[in-house]
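Engineer: Next comes entry03.csv, CSV, C-alpha atoms and all ligand atoms:
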```csv
chain,number,residue,atom,x,y,z
H,52,MET,CA,1.2,-30.5,14.7
H,53,PRO,CA,-1.5,-28.3,16.2
H,54,SER,CA,-0.4,-25.1,17.8
H,55,PHE,CA,-0.4,-25.9,21.5
H,56,GLY,CA,1.7,-23.3,23.4
H,57,ARG,CA,1.5,-19.6,23.7
H,58,GLU,CA,0.0,-17.7,20.7
H,59,HIS,CA,1.5,-14.7,19.2
H,60,LEU,CA,-0.4,-12.0,17.3
H,61,ALA,CA,2.1,-10.7,14.7
H,62,ILE,CA,-0.3,-8.1,13.2
H,63,PRO,CA,0.2,-4.4,13.0
H,64,GLY,CA,-2.0,-3.6,16.0
H,65,PRO,CA,-3.2,-4.4,18.5
H,66,SER,CA,0.4,-5.2,19.4
H,67,THR,CA,1.8,-7.5,22.1
H,68,MET,CA,1.3,-6.0,25.5
H,69,PRO,CA,3.7,-6.5,28.5
H,70,ASP,CA,2.1,-8.7,31.2
H,71,ARG,CA,3.0,-5.8,33.6
H,72,VAL,CA,0.6,-3.5,31.6
H,73,LEU,CA,-2.2,-6.1,31.9
H,74,ARG,CA,-1.5,-6.7,35.6
H,75,ALA,CA,-1.6,-2.9,36.3
H,76,MET,CA,-5.2,-2.9,34.9
H,77,HIS,CA,-6.3,-5.8,37.0
H,78,ARG,CA,-7.6,-3.9,40.0
H,79,ALA,CA,-10.7,-2.5,41.7
H,80,SER,CA,-12.2,0.7,40.3
H,81,PRO,CA,-10.2,3.6,41.6
H,82,ASN,CA,-11.5,6.9,43.1
H,83,ILE,CA,-11.9,9.3,40.2
H,84,TYR,CA,-12.4,12.4,42.3
H,85,SER,CA,-9.0,12.6,44.1
H,86,GLY,CA,-6.0,10.6,45.0
H,87,GLU,CA,-3.7,8.3,43.0
H,88,LEU,CA,-5.4,8.3,39.6
H,89,PRO,CA,-5.9,12.1,39.2
H,90,ASP,CA,-2.4,12.6,40.7
H,91,MET,CA,-1.0,10.3,38.0
H,92,MET,CA,-2.1,12.5,35.1
H,93,PRO,CA,0.6,15.2,35.0
H,94,GLY,CA,3.2,12.4,34.8
H,95,ILE,CA,1.3,10.6,32.1
H,96,ARG,CA,1.1,13.8,30.0
H,97,ARG,CA,4.8,14.5,30.5
H,98,ASP,CA,5.8,11.0,29.4
H,99,LEU,CA,3.4,11.0,26.4
H,100,LYS,CA,5.0,14.3,25.3
H,101,ALA,CA,8.4,12.8,25.7
H,102,VAL,CA,7.5,10.0,23.3
H,103,ALA,CA,6.2,12.5,20.7
H,104,ARG,CA,9.1,14.8,21.4
H,105,THR,CA,7.0,17.9,22.0
H,106,GLU,CA,6.7,20.8,24.4
H,107,GLY,CA,3.1,21.2,23.2
H,108,ASP,CA,0.0,19.8,24.8
H,109,VAL,CA,-1.7,16.4,24.6
H,110,ALA,CA,-5.4,15.6,24.8
H,111,ILE,CA,-6.5,12.1,25.7
H,112,TYR,CA,-9.7,10.5,24.5
H,113,ILE,CA,-11.5,7.3,24.8
H,114,GLY,CA,-11.4,6.0,21.3
H,115,ASN,CA,-9.3,4.3,18.6
H,116,GLY,CA,-7.1,5.7,15.9
H,117,HIS,CA,-10.1,6.8,13.9
H,118,ALA,CA,-11.3,8.8,16.9
H,119,ALA,CA,-7.9,10.6,17.0
H,120,TRP,CA,-8.3,11.6,13.3
H,121,GLU,CA,-11.8,13.0,14.1
H,122,ALA,CA,-10.5,14.8,17.2
H,123,ALA,CA,-7.7,16.5,15.3
H,124,LEU,CA,-10.0,17.6,12.6
H,125,ALA,CA,-12.7,18.9,15.0
H,126,ASN,CA,-10.2,21.2,16.6
H,127,THR,CA,-8.5,22.5,13.5
H,128,CYS,CA,-10.9,22.4,10.6
H,129,ALA,CA,-13.8,24.8,9.9
H,130,PRO,CA,-16.7,23.6,7.7
H,131,GLY,CA,-15.6,23.9,4.1
H,132,GLY,CA,-11.9,24.3,5.2
H,133,ARG,CA,-9.5,22.9,2.6
H,134,VAL,CA,-7.2,20.0,3.5
H,135,LEU,CA,-4.5,18.3,1.5
H,136,VAL,CA,-4.1,14.5,2.0
H,137,PRO,CA,-1.1,12.9,0.5
H,138,ALA,CA,-1.9,9.1,0.4
H,139,THR,CA,0.5,6.2,0.4
H,140,GLY,CA,-2.1,3.6,1.2
H,141,LEU,CA,-5.4,2.9,2.7
H,142,PHE,CA,-5.0,5.1,5.8
H,143,GLY,CA,-4.3,8.3,4.0
H,144,HIS,CA,-7.5,7.8,2.1
H,145,GLY,CA,-9.2,7.0,5.4
H,146,TRP,CA,-8.2,10.2,7.0
H,147,GLY,CA,-9.2,12.1,3.9
H,148,GLU,CA,-12.6,10.5,4.0
H,149,MET,CA,-13.0,11.4,7.7
H,150,ALA,CA,-12.2,15.0,6.8
H,151,ARG,CA,-14.7,15.0,4.0
H,152,ARG,CA,-17.4,13.6,6.3
H,153,ALA,CA,-16.5,16.3,8.9
H,154,GLY,CA,-17.3,18.9,6.3
H,155,ALA,CA,-13.9,19.7,5.0
H,156,GLU,CA,-12.9,20.0,1.3
H,157,ALA,CA,-10.3,17.3,1.1
H,158,THR,CA,-8.0,16.8,-1.9
H,159,VAL,CA,-6.2,13.5,-2.0
H,160,LEU,CA,-2.8,13.4,-3.6
H,161,GLU,CA,-2.1,9.8,-4.6
H,162,PHE,CA,1.4,8.5,-4.3
H,163,GLY,CA,0.7,4.9,-5.1
H,164,LYS,CA,1.3,2.0,-2.6
H,165,ARG,CA,5.0,1.4,-2.8
H,166,THR,CA,6.7,4.8,-2.6
H,167,PRO,CA,6.6,7.6,0.0
H,168,VAL,CA,5.1,11.0,-0.6
H,169,ASP,CA,7.0,13.3,-2.9
H,170,PRO,CA,7.4,16.7,-1.1
H,171,ALA,CA,7.8,18.5,-4.5
H,172,ARG,CA,4.3,17.6,-5.4
H,173,ILE,CA,3.0,18.8,-2.0
H,174,GLU,CA,4.8,22.1,-2.6
H,175,GLU,CA,3.3,22.4,-6.0
H,176,ALA,CA,-0.2,21.7,-4.6
H,177,LEU,CA,0.2,24.2,-1.9
H,178,ARG,CA,1.4,26.9,-4.3
H,179,ALA,CA,-1.5,26.2,-6.5
H,180,ASP,CA,-4.0,26.6,-3.7
H,181,PRO,CA,-2.9,28.9,-0.9
H,182,SER,CA,-6.2,28.4,0.9
H,183,ILE,CA,-5.2,24.9,2.1
H,184,ARG,CA,-5.4,25.0,5.9
H,185,SER,CA,-3.9,21.6,6.8
H,186,VAL,CA,-1.8,18.8,5.3
H,187,LEU,CA,-2.9,15.5,6.7
H,188,LEU,CA,0.2,13.2,6.5
H,189,VAL,CA,0.4,9.5,7.4
H,190,GLN,CA,3.9,8.9,8.6
H,191,THR,CA,3.7,5.1,8.3
H,192,ASP,CA,0.8,3.8,6.2
H,193,THR,CA,0.1,0.5,7.9
H,194,SER,CA,-1.5,-1.1,4.8
H,195,THR,CA,1.6,-0.6,2.6
H,196,SER,CA,4.3,-0.2,5.3
H,197,VAL,CA,5.5,2.9,3.4
H,198,LEU,CA,7.3,5.5,5.6
H,199,SER,CA,7.1,9.1,4.6
H,200,ASP,CA,9.6,11.9,5.5
H,201,VAL,CA,7.8,14.3,7.9
H,202,ARG,CA,10.7,16.8,7.9
H,203,ALA,CA,10.8,16.9,4.1
H,204,VAL,CA,7.1,17.6,4.0
H,205,ARG,CA,7.5,20.5,6.4
H,206,ALA,CA,10.3,21.8,4.2
H,207,ALA,CA,8.1,21.7,1.2
H,208,MET,CA,5.3,23.5,3.0
H,209,ASP,CA,7.8,26.2,4.1
H,210,ALA,CA,9.2,26.5,0.5
H,211,ALA,CA,5.6,27.0,-0.7
H,212,ARG,CA,5.2,29.7,2.0
H,213,SER,CA,2.1,27.9,3.2
H,214,ASP,CA,0.7,28.6,6.6
H,215,ALA,CA,-1.2,25.3,6.6
H,216,LEU,CA,-0.9,23.1,9.7
H,217,LEU,CA,1.1,19.9,9.3
H,218,GLN,CA,-0.9,17.1,11.0
H,219,VAL,CA,0.8,13.7,11.3
H,220,ASP,CA,-0.8,10.3,11.7
H,221,ALA,CA,1.7,8.4,13.8
H,222,ILE,CA,-0.8,5.8,14.9
H,223,ALA,CA,1.2,2.9,13.6
H,224,CYS,CA,4.6,4.1,14.5
H,225,LEU,CA,4.8,6.4,17.6
H,226,GLY,CA,7.6,5.0,19.7
H,227,VAL,CA,8.7,2.8,16.8
H,228,ASP,CA,9.8,5.0,13.8
H,229,ARG,CA,11.7,8.1,14.8
H,230,LEU,CA,9.4,11.2,15.1
H,231,GLU,CA,10.5,14.6,16.4
H,232,MET,CA,7.3,16.5,16.6
H,233,ASP,CA,8.7,19.9,17.5
H,234,GLU,CA,12.0,19.7,15.7
H,235,TRP,CA,10.4,18.5,12.5
H,236,GLY,CA,7.7,21.1,12.6
H,237,ALA,CA,4.6,19.0,13.0
H,238,ASP,CA,1.7,21.0,14.5
H,239,VAL,CA,-0.5,18.1,15.3
H,240,VAL,CA,0.4,14.4,15.9
H,241,VAL,CA,-2.2,11.7,16.5
H,242,THR,CA,-1.8,8.2,17.8
H,243,GLY,CA,-3.6,5.4,19.6
H,244,SER,CA,-2.7,3.2,22.6
H,245,GLN,CA,-2.6,-0.2,20.9
H,246,LYS,CA,0.5,-0.1,18.7
H,247,GLY,CA,3.8,1.3,19.8
H,248,LEU,CA,2.3,2.3,23.2
H,249,MET,CA,1.7,-1.4,24.1
H,250,THR,CA,-1.7,-0.7,25.8
H,251,PRO,CA,-5.1,-2.2,24.9
H,252,PRO,CA,-7.1,-0.5,22.1
H,253,GLY,CA,-9.3,2.2,23.6
H,254,LEU,CA,-7.3,5.3,24.2
H,255,CYS,CA,-6.2,7.8,21.6
H,256,PHE,CA,-4.0,10.9,21.8
H,257,VAL,CA,-3.8,14.3,20.0
H,258,PHE,CA,-0.6,16.2,20.5
H,259,PHE,CA,-0.8,19.9,19.4
H,260,GLY,CA,1.5,22.8,19.3
H,261,PRO,CA,1.1,26.6,19.4
H,262,ARG,CA,0.0,27.0,15.7
H,263,ALA,CA,-2.7,24.4,16.2
H,264,VAL,CA,-3.9,26.2,19.4
H,265,ARG,CA,-4.4,29.3,17.3
H,266,ALA,CA,-6.3,27.4,14.6
H,267,ARG,CA,-8.6,26.0,17.4
H,268,GLU,CA,-9.2,29.5,18.7
H,269,GLY,CA,-10.2,30.7,15.3
H,270,LEU,CA,-13.1,28.2,15.0
H,271,ASP,CA,-16.6,29.4,15.6
H,272,ARG,CA,-17.5,26.3,17.4
H,273,VAL,CA,-16.0,22.9,18.3
H,274,SER,CA,-17.8,19.7,19.2
H,275,LEU,CA,-18.2,19.4,22.9
H,276,TYR,CA,-16.9,15.9,22.9
H,277,TRP,CA,-13.8,16.5,20.8
H,278,ASP,CA,-12.8,19.9,22.1
H,279,TRP,CA,-9.3,19.6,23.3
H,280,VAL,CA,-9.5,22.7,25.6
H,281,PRO,CA,-11.4,21.0,28.6
H,282,ARG,CA,-9.4,17.8,27.9
H,283,THR,CA,-6.2,19.6,28.8
H,284,ALA,CA,-7.4,21.9,31.5
H,285,PRO,CA,-5.2,21.4,34.6
H,286,GLY,CA,-6.6,20.3,37.9
H,287,ALA,CA,-10.0,19.0,36.7
H,288,PHE,CA,-9.4,15.3,36.1
H,289,TRP,CA,-13.0,14.4,36.3
H,290,GLN,CA,-13.8,17.0,33.5
H,291,ASN,CA,-10.8,16.0,31.3
H,292,PHE,CA,-12.7,13.1,29.6
H,293,CYS,CA,-16.2,14.7,28.9
H,294,GLY,CA,-17.6,11.9,31.0
H,295,THR,CA,-16.2,8.9,32.8
H,296,ALA,CA,-12.5,8.6,32.6
H,297,PRO,CA,-10.9,5.5,31.1
H,298,THR,CA,-9.7,4.5,34.5
H,299,HIS,CA,-8.1,1.1,33.9
H,300,HIS,CA,-6.6,2.1,30.6
H,301,LEU,CA,-4.8,4.9,32.4
H,302,TYR,CA,-3.2,2.4,34.8
H,303,GLY,CA,-2.1,0.3,31.9
H,304,LEU,CA,-0.7,3.3,30.0
H,305,ARG,CA,1.2,4.5,33.2
H,306,GLU,CA,2.9,1.1,33.3
H,307,ALA,CA,3.6,1.1,29.5
H,308,LEU,CA,5.1,4.6,29.7
H,309,ASP,CA,7.3,3.5,32.7
H,310,ILE,CA,8.7,0.8,30.4
H,311,LEU,CA,9.0,2.8,27.3
H,312,VAL,CA,10.2,6.2,28.6
H,313,HIS,CA,11.9,5.3,31.9
H,314,GLU,CA,13.3,1.8,31.6
H,315,GLU,CA,14.1,1.3,27.9
H,316,GLY,CA,14.2,4.9,26.6
H,317,VAL,CA,12.5,6.3,23.5
H,318,GLU,CA,15.7,6.3,21.4
H,319,GLU,CA,16.6,2.8,22.5
H,320,ALA,CA,13.1,1.7,21.5
H,321,TRP,CA,13.6,3.2,18.0
H,322,ALA,CA,16.9,1.4,17.8
H,323,ARG,CA,15.4,-1.9,18.9
H,324,HIS,CA,12.6,-1.6,16.3
H,325,ASP,CA,15.2,-0.8,13.7
H,326,ARG,CA,17.1,-4.0,14.4
H,327,LEU,CA,14.0,-6.1,14.5
H,328,ALA,CA,12.7,-4.6,11.2
H,329,ARG,CA,16.1,-5.3,9.5
H,330,ALA,CA,15.8,-9.0,10.5
H,331,VAL,CA,12.4,-9.1,8.9
H,332,TRP,CA,13.6,-7.4,5.7
H,333,SER,CA,16.6,-9.7,5.5
H,334,ALA,CA,14.4,-12.8,5.7
H,335,CYS,CA,12.0,-11.4,3.1
H,336,GLU,CA,14.9,-10.6,0.7
H,337,ALA,CA,16.1,-14.2,1.0
H,338,TRP,CA,12.7,-15.7,0.4
H,339,SER,CA,11.9,-13.4,-2.5
H,340,ALA,CA,15.2,-14.3,-4.3
H,341,GLY,CA,13.6,-17.7,-4.8
H,342,GLY,CA,10.1,-16.4,-5.8
H,343,GLY,CA,8.7,-16.2,-2.3
H,344,PRO,CA,7.3,-13.3,-0.1
H,345,THR,CA,8.5,-10.0,-1.6
H,346,LEU,CA,8.8,-6.7,0.3
H,347,ASN,CA,6.3,-4.1,-0.9
H,348,VAL,CA,8.7,-1.3,-0.4
H,349,ALA,CA,12.0,-1.6,-2.4
H,350,ASP,CA,14.0,1.1,-0.7
H,351,PRO,CA,14.9,0.5,3.0
H,352,ASP,CA,14.9,4.2,3.7
H,353,HIS,CA,11.2,4.3,2.9
H,354,ARG,CA,10.2,1.2,4.9
H,355,SER,CA,8.6,1.5,8.3
H,356,ARG,CA,10.0,-0.2,11.4
H,357,ALA,CA,6.5,-0.9,12.6
H,358,THR,CA,5.2,-3.3,10.1
H,359,THR,CA,6.1,-5.0,6.8
H,360,THR,CA,3.8,-5.7,3.9
H,361,CYS,CA,4.8,-8.6,1.6
H,362,ALA,CA,3.4,-9.8,-1.7
H,363,LEU,CA,2.9,-13.5,-2.0
H,364,ASP,CA,0.6,-15.5,-4.3
H,365,GLY,CA,-1.6,-17.5,-1.9
H,366,ALA,CA,-0.7,-15.5,1.2
H,367,GLU,CA,-4.0,-16.5,2.8
H,368,ARG,CA,-2.9,-20.2,2.8
H,369,LEU,CA,0.4,-19.2,4.5
H,370,ARG,CA,-1.5,-17.2,7.1
H,371,ALA,CA,-3.8,-20.1,7.8
H,372,TRP,CA,-0.9,-22.5,8.2
H,373,CYS,CA,1.0,-20.2,10.5
H,374,GLU,CA,-2.0,-19.7,12.7
H,375,GLU,CA,-3.2,-23.3,12.8
H,376,ARG,CA,0.1,-25.1,12.9
H,377,ALA,CA,2.5,-22.6,14.5
H,378,GLY,CA,0.4,-20.4,16.8
H,379,VAL,CA,1.3,-17.1,15.1
H,380,THR,CA,-1.2,-14.9,13.4
H,381,LEU,CA,0.0,-12.7,10.6
H,382,GLY,CA,-1.7,-9.6,9.4
H,383,ILE,CA,-4.0,-9.7,6.4
H,384,GLY,CA,-3.2,-7.7,3.2
H,385,LEU,CA,-5.2,-4.6,3.2
H,386,GLY,CA,-6.2,-2.4,0.2
H,387,MET,CA,-3.3,-3.5,-1.9
H,388,GLN,CA,-5.0,-4.5,-5.2
H,389,VAL,CA,-7.2,-1.5,-5.8
H,390,GLU,CA,-6.4,2.2,-6.2
H,391,GLY,CA,-7.9,4.5,-3.7
H,392,ALA,CA,-9.8,4.0,-0.5
H,393,GLN,CA,-11.6,0.6,-0.7
H,394,GLN,CA,-11.0,-1.2,2.5
H,395,ARG,CA,-10.7,-4.6,0.9
H,396,SER,CA,-8.5,-7.4,2.1
H,397,SER,CA,-5.8,-8.5,-0.3
H,398,PRO,CA,-5.5,-12.3,-0.5
H,399,ASP,CA,-2.1,-12.0,-2.2
H,400,HIS,CA,-0.5,-9.9,0.5
H,401,PHE,CA,0.3,-10.4,4.2
H,402,ARG,CA,1.8,-8.2,6.9
H,403,ILE,CA,4.1,-8.8,9.8
H,404,GLY,CA,3.5,-6.4,12.7
H,405,HIS,CA,6.7,-5.7,14.6
H,406,MET,CA,5.8,-2.8,16.8
H,407,GLY,CA,5.6,-2.6,20.6
H,408,HIS,CA,6.7,-5.1,23.2
H,409,LEU,CA,8.8,-7.3,21.0
H,410,ASN,CA,12.2,-8.9,21.2
H,411,ALA,CA,14.5,-11.0,19.0
H,412,GLN,CA,13.2,-14.4,20.0
H,413,MET,CA,9.7,-13.3,19.1
H,414,ILE,CA,10.6,-12.0,15.7
H,415,LEU,CA,12.7,-15.1,15.0
H,416,GLY,CA,9.8,-17.2,16.0
H,417,THR,CA,7.5,-15.5,13.6
H,418,LEU,CA,10.0,-15.6,10.7
H,419,GLY,CA,10.7,-19.3,11.5
H,420,ALA,CA,7.0,-20.1,11.4
H,421,ILE,CA,6.7,-18.4,8.0
H,422,ASP,CA,9.7,-20.3,6.7
H,423,ALA,CA,8.3,-23.6,7.9
H,424,GLY,CA,4.9,-22.7,6.4
H,425,LEU,CA,6.4,-21.9,3.0
H,426,LYS,CA,8.1,-25.3,3.1
H,427,ALA,CA,5.1,-27.2,4.3
H,428,LEU,CA,2.9,-25.7,1.6
H,429,ARG,CA,5.6,-26.2,-1.0
H,430,MET,CA,5.5,-22.5,-1.9
H,431,PRO,CA,8.5,-21.2,-3.8
H,432,HIS,CA,11.0,-19.3,-1.7
H,433,GLY,CA,14.8,-18.7,-1.5
H,434,PRO,CA,17.0,-20.3,1.2
H,435,GLY,CA,18.8,-18.6,4.0
H,436,ALA,CA,16.0,-16.4,5.4
H,437,LEU,CA,16.6,-17.3,9.0
H,438,GLU,CA,20.4,-17.1,8.6
H,439,GLY,CA,19.9,-13.6,7.3
H,440,ALA,CA,17.6,-12.6,10.1
H,441,SER,CA,19.9,-13.9,12.8
H,442,ALA,CA,22.8,-12.0,11.2
H,443,ALA,CA,20.8,-8.8,11.2
H,444,LEU,CA,20.0,-9.3,14.9
H,445,ALA,CA,23.6,-9.9,15.6
H,446,THR,CA,24.7,-6.5,14.5
X,1,LIG,C1,-4.2,1.5,13.0
X,1,LIG,C2,-4.1,2.8,12.2
X,1,LIG,C3,-5.2,3.6,12.1
X,1,LIG,C4,-6.5,3.3,12.6
X,1,LIG,O1,-6.5,3.1,14.0
X,1,LIG,P1,-7.8,2.3,14.6
X,1,LIG,O2,-7.4,2.2,16.0
X,1,LIG,O3,-7.9,1.0,13.9
X,1,LIG,O4,-9.0,3.2,14.4
X,1,LIG,C5,-5.0,4.8,11.4
X,1,LIG,N1,-3.8,5.1,10.8
X,1,LIG,C6,-2.8,4.3,10.9
X,1,LIG,C7,-1.5,4.7,10.3
X,1,LIG,C8,-2.9,3.1,11.6
X,1,LIG,O5,-1.8,2.3,11.7
```
Turn this file's structure into structure tokens for me.
Ligand SMILES: *Cc1c(COP(=O)(O)O)cnc(C)c1O
Structural biologist:
Amino acid sequence: MPSFGREHLAIPGPSTMPDRVLRAMHRASPNIYSGELPDMMPGIRRDLKAVARTEGDVAIYIGNGHAAWEAALANTCAPGGRVLVPATGLFGHGWGEMARRAGAEATVLEFGKRTPVDPARIEEALRADPSIRSVLLVQTDTSTSVLSDVRAVRAAMDAARSDALLQVDAIACLGVDRLEMDEWGADVVVTGSQKGLMTPPGLCFVFFGPRAVRAREGLDRVSLYWDWVPRTAPGAFWQNFCGTAPTHHLYGLREALDILVHEEGVEEAWARHDRLARAVWSACEAWSAGGGPTLNVADPDHRSRATTTCALDGAERLRAWCEERAGVTLGIGLGMQVEGAQQRSSPDHFRIGHMGHLNAQMILGTLGAIDAGLKALRMPHGPGALEGASAALAT
């Protein structure tokens, strides 16, 4: 049974894109000096800010998530500046490494790979070193699928009387896991286009509030490319991108924001992702009861709605079966078997991406393919996974 039929990429980014987004990009090059494209920008900014729940500003760059990390650091971090990086997986270490290479003094606080950050330890670290200028927090670490509590980290920072900026990596989960940038006290939020925002990889976004503006003003110099000031200057579209604008991506993004903000609604999107994630968790719990795929994060309150990491001996065989026989590509395990930052694939883990333009039939298809693969490969697993998933979707 080869996999004729439409393929599905069930990895944690790039996510499934609406055909409407792709169609919006399929067009001749637009005028970049005046007219429709420049006129679209205020609405794009307004809607991006609605997704991040902020009254702050947003700078748009050509780049992936790593570029957003770099952009945030370039505008907030002086050479030798101290940053604290709580890590719950590969991506925390990655942001810390990016900070180090940008000249910061980065201290990583390791929280393992299965549990969220512990705000008490962040408070302790900030009390011990009042010179820390930023906390770089990954909300959903996509390697482990651990979700950390942004609000609780802000409370810990306040309790420590720290004036550090709270910078949040929401690359995996903006538009998926709830995030209230202003209400929760985040000063900077970074994300990319290719996950919850349902647009091809290539754009990234840095949201920033008043305290981050002041940090930027305090720097002696900022890289011309990453400086967020010209990026957010009104009325100068052709200067907002330090070079040619990402014309077609902006058309795709416009369409994606229409869908997310104006048709579905951000809160409804959070609720949809919650239901889909619960279906995945329910299936995994049934499989693991019989020795099959096991959720990496035990406590549902600490699991992301964007992606699920599972432990399974021989996960690579299952991934191959699903791709070759069922047309669905699962995410590889990433950085699970070693402590720290090594970007190694983990053959005994796989991930299911469930962010973006996704509905119940798609998630049931993915779970059904995994269930069939476990049977075909005679891998141990408990019964009732699909029953559990459909029950979760029925609530
Ligand atoms: C995907 C991701 C990144 C990296 O984004 P790229 O676009 O691959 O550079 C960083 N952090 C998190 C949490 C992610 O999910």
Engineer: Name the residues in contact with Asp364 (chain H) at a cut-off of 9 Å, using all atoms listed in the file, excluding same-chain residues fewer than 5 positions from it; report them as a ChimeraX atom specification.
Structural biologist: /H:343-344,398-400,430
Engineer: So, with all atoms listed in the file as the atoms that count, which of H:His300, H:Arg151, H:His324, H:Arg71 lies closest to Leu225 (chain H)?
Structural biologist: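 Closest to Leu225 (chain H) of all the choices is H:His324.
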Engineer: Using all atoms listed in the file, find the one residue out of H:Val197, H:Leu311, H:Met149, H:Ala211 that sits nearest to Ala349 (chain H).
Structural biologist: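 Closest candidate: H:Val197.
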Engineer: Taking all atoms listed in the file into account, produce a table as CSV in which each residue of region 245-303 of chain H with an atom at most 6 Å from an atom of region 118-129 of chain H appears once, together with its shortest atom pair and the distance in Å to one decimal, ordered by chain and rising number.
Structural biologist:
```
residue,atom,partner,partner_atom,distance
H:Cys255,CA,H:Ala119,CA,5.6
H:Ala266,CA,H:Thr127,CA,5.5
H:Arg267,CA,H:Asn126,CA,5.1
H:Trp277,CA,H:Ala122,CA,5.2
```
Engineer: May I have the residues within 7 Å of ligand LIG 1 (chain X), computed using only C-alpha atoms and all ligand atoms, as a PDB file with C-alpha atoms, in the coordinates of the input?
Structural biologist:
```
ATOM      1  CA  GLY H  64      -2.000  -3.600  16.000  1.00  0.00           C
ATOM      2  CA  ASN H 115      -9.300   4.300  18.600  1.00  0.00           C
ATOM      3  CA  GLY H 116      -7.100   5.700  15.900  1.00  0.00           C
ATOM      4  CA  HIS H 117     -10.100   6.800  13.900  1.00  0.00           C
ATOM      5  CA  ALA H 118     -11.300   8.800  16.900  1.00  0.00           C
ATOM      6  CA  PHE H 142      -5.000   5.100   5.800  1.00  0.00           C
ATOM      7  CA  VAL H 189       0.400   9.500   7.400  1.00  0.00           C
ATOM      8  CA  THR H 191       3.700   5.100   8.300  1.00  0.00           C
ATOM      9  CA  ASP H 192       0.800   3.800   6.200  1.00  0.00           C
ATOM     10  CA  THR H 193       0.100   0.500   7.900  1.00  0.00           C
ATOM     11  CA  ASP H 220      -0.800  10.300  11.700  1.00  0.00           C
ATOM     12  CA  ALA H 221       1.700   8.400  13.800  1.00  0.00           C
ATOM     13  CA  ILE H 222      -0.800   5.800  14.900  1.00  0.00           C
ATOM     14  CA  ALA H 223       1.200   2.900  13.600  1.00  0.00           C
ATOM     15  CA  GLY H 243      -3.600   5.400  19.600  1.00  0.00           C
ATOM     16  CA  PRO H 252      -7.100  -0.500  22.100  1.00  0.00           C
TER      17      PRO H 252
END
```
Engineer: Please indicate the distance in Å from CA of Arg356 (chain H) to CA of Trp332 (chain H), rounded to one decimal place.
Structural biologist: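 CA of Trp332 (chain H) lies 9.9 Å from CA of Arg356 (chain H).
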Engineer: Which residue gives the smallest distance to Ala320 (chain H) among H:Ala157, H:Leu254, H:Val102, H:Ala362, with all atoms listed in the file counted?
Structural biologist: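 Among the listed residues, H:Val102 lies closest to Ala320 (chain H).
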Engineer: What is the CA of Gln218 (chain H)-CA of Glu106 (chain H) distance in Å, reported with one decimal?
Structural biologist: 15.8 Å
Engineer: Name the closest residue to Ser194 (chain H) among the candidates H:Thr380, H:Asn347, H:Ser441, H:Thr242; distances are taken between atoms, counting all atoms listed in the file.
Structural biologist: H:Asn347
Engineer: Which of these residues is nearest to Val134 (chain H), using all atoms listed in the file: H:Leu217, H:Ala207, H:Arg178, H:Leu363?
Structural biologist: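 For Val134 (chain H), the nearest of the given residues is H:Leu217.
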Engineer: CA of Val219 (chain H) to CA of Ala110 (chain H): how many Å, to one decimal?
Structural biologist: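 Computing the Euclidean distance for CA of Val219 (chain H) and CA of Ala110 (chain H) yields 15.0 Å.
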Engineer: Tell me which protein, DNA and RNA residues are within 10 Å of Gly416 (chain H), counting only C-alpha atoms, leaving out same-chain ones fewer than 3 positions away, and put them as number ranges by chain.
Structural biologist: H: 59, 377-379, 411-413, 419-422, 437
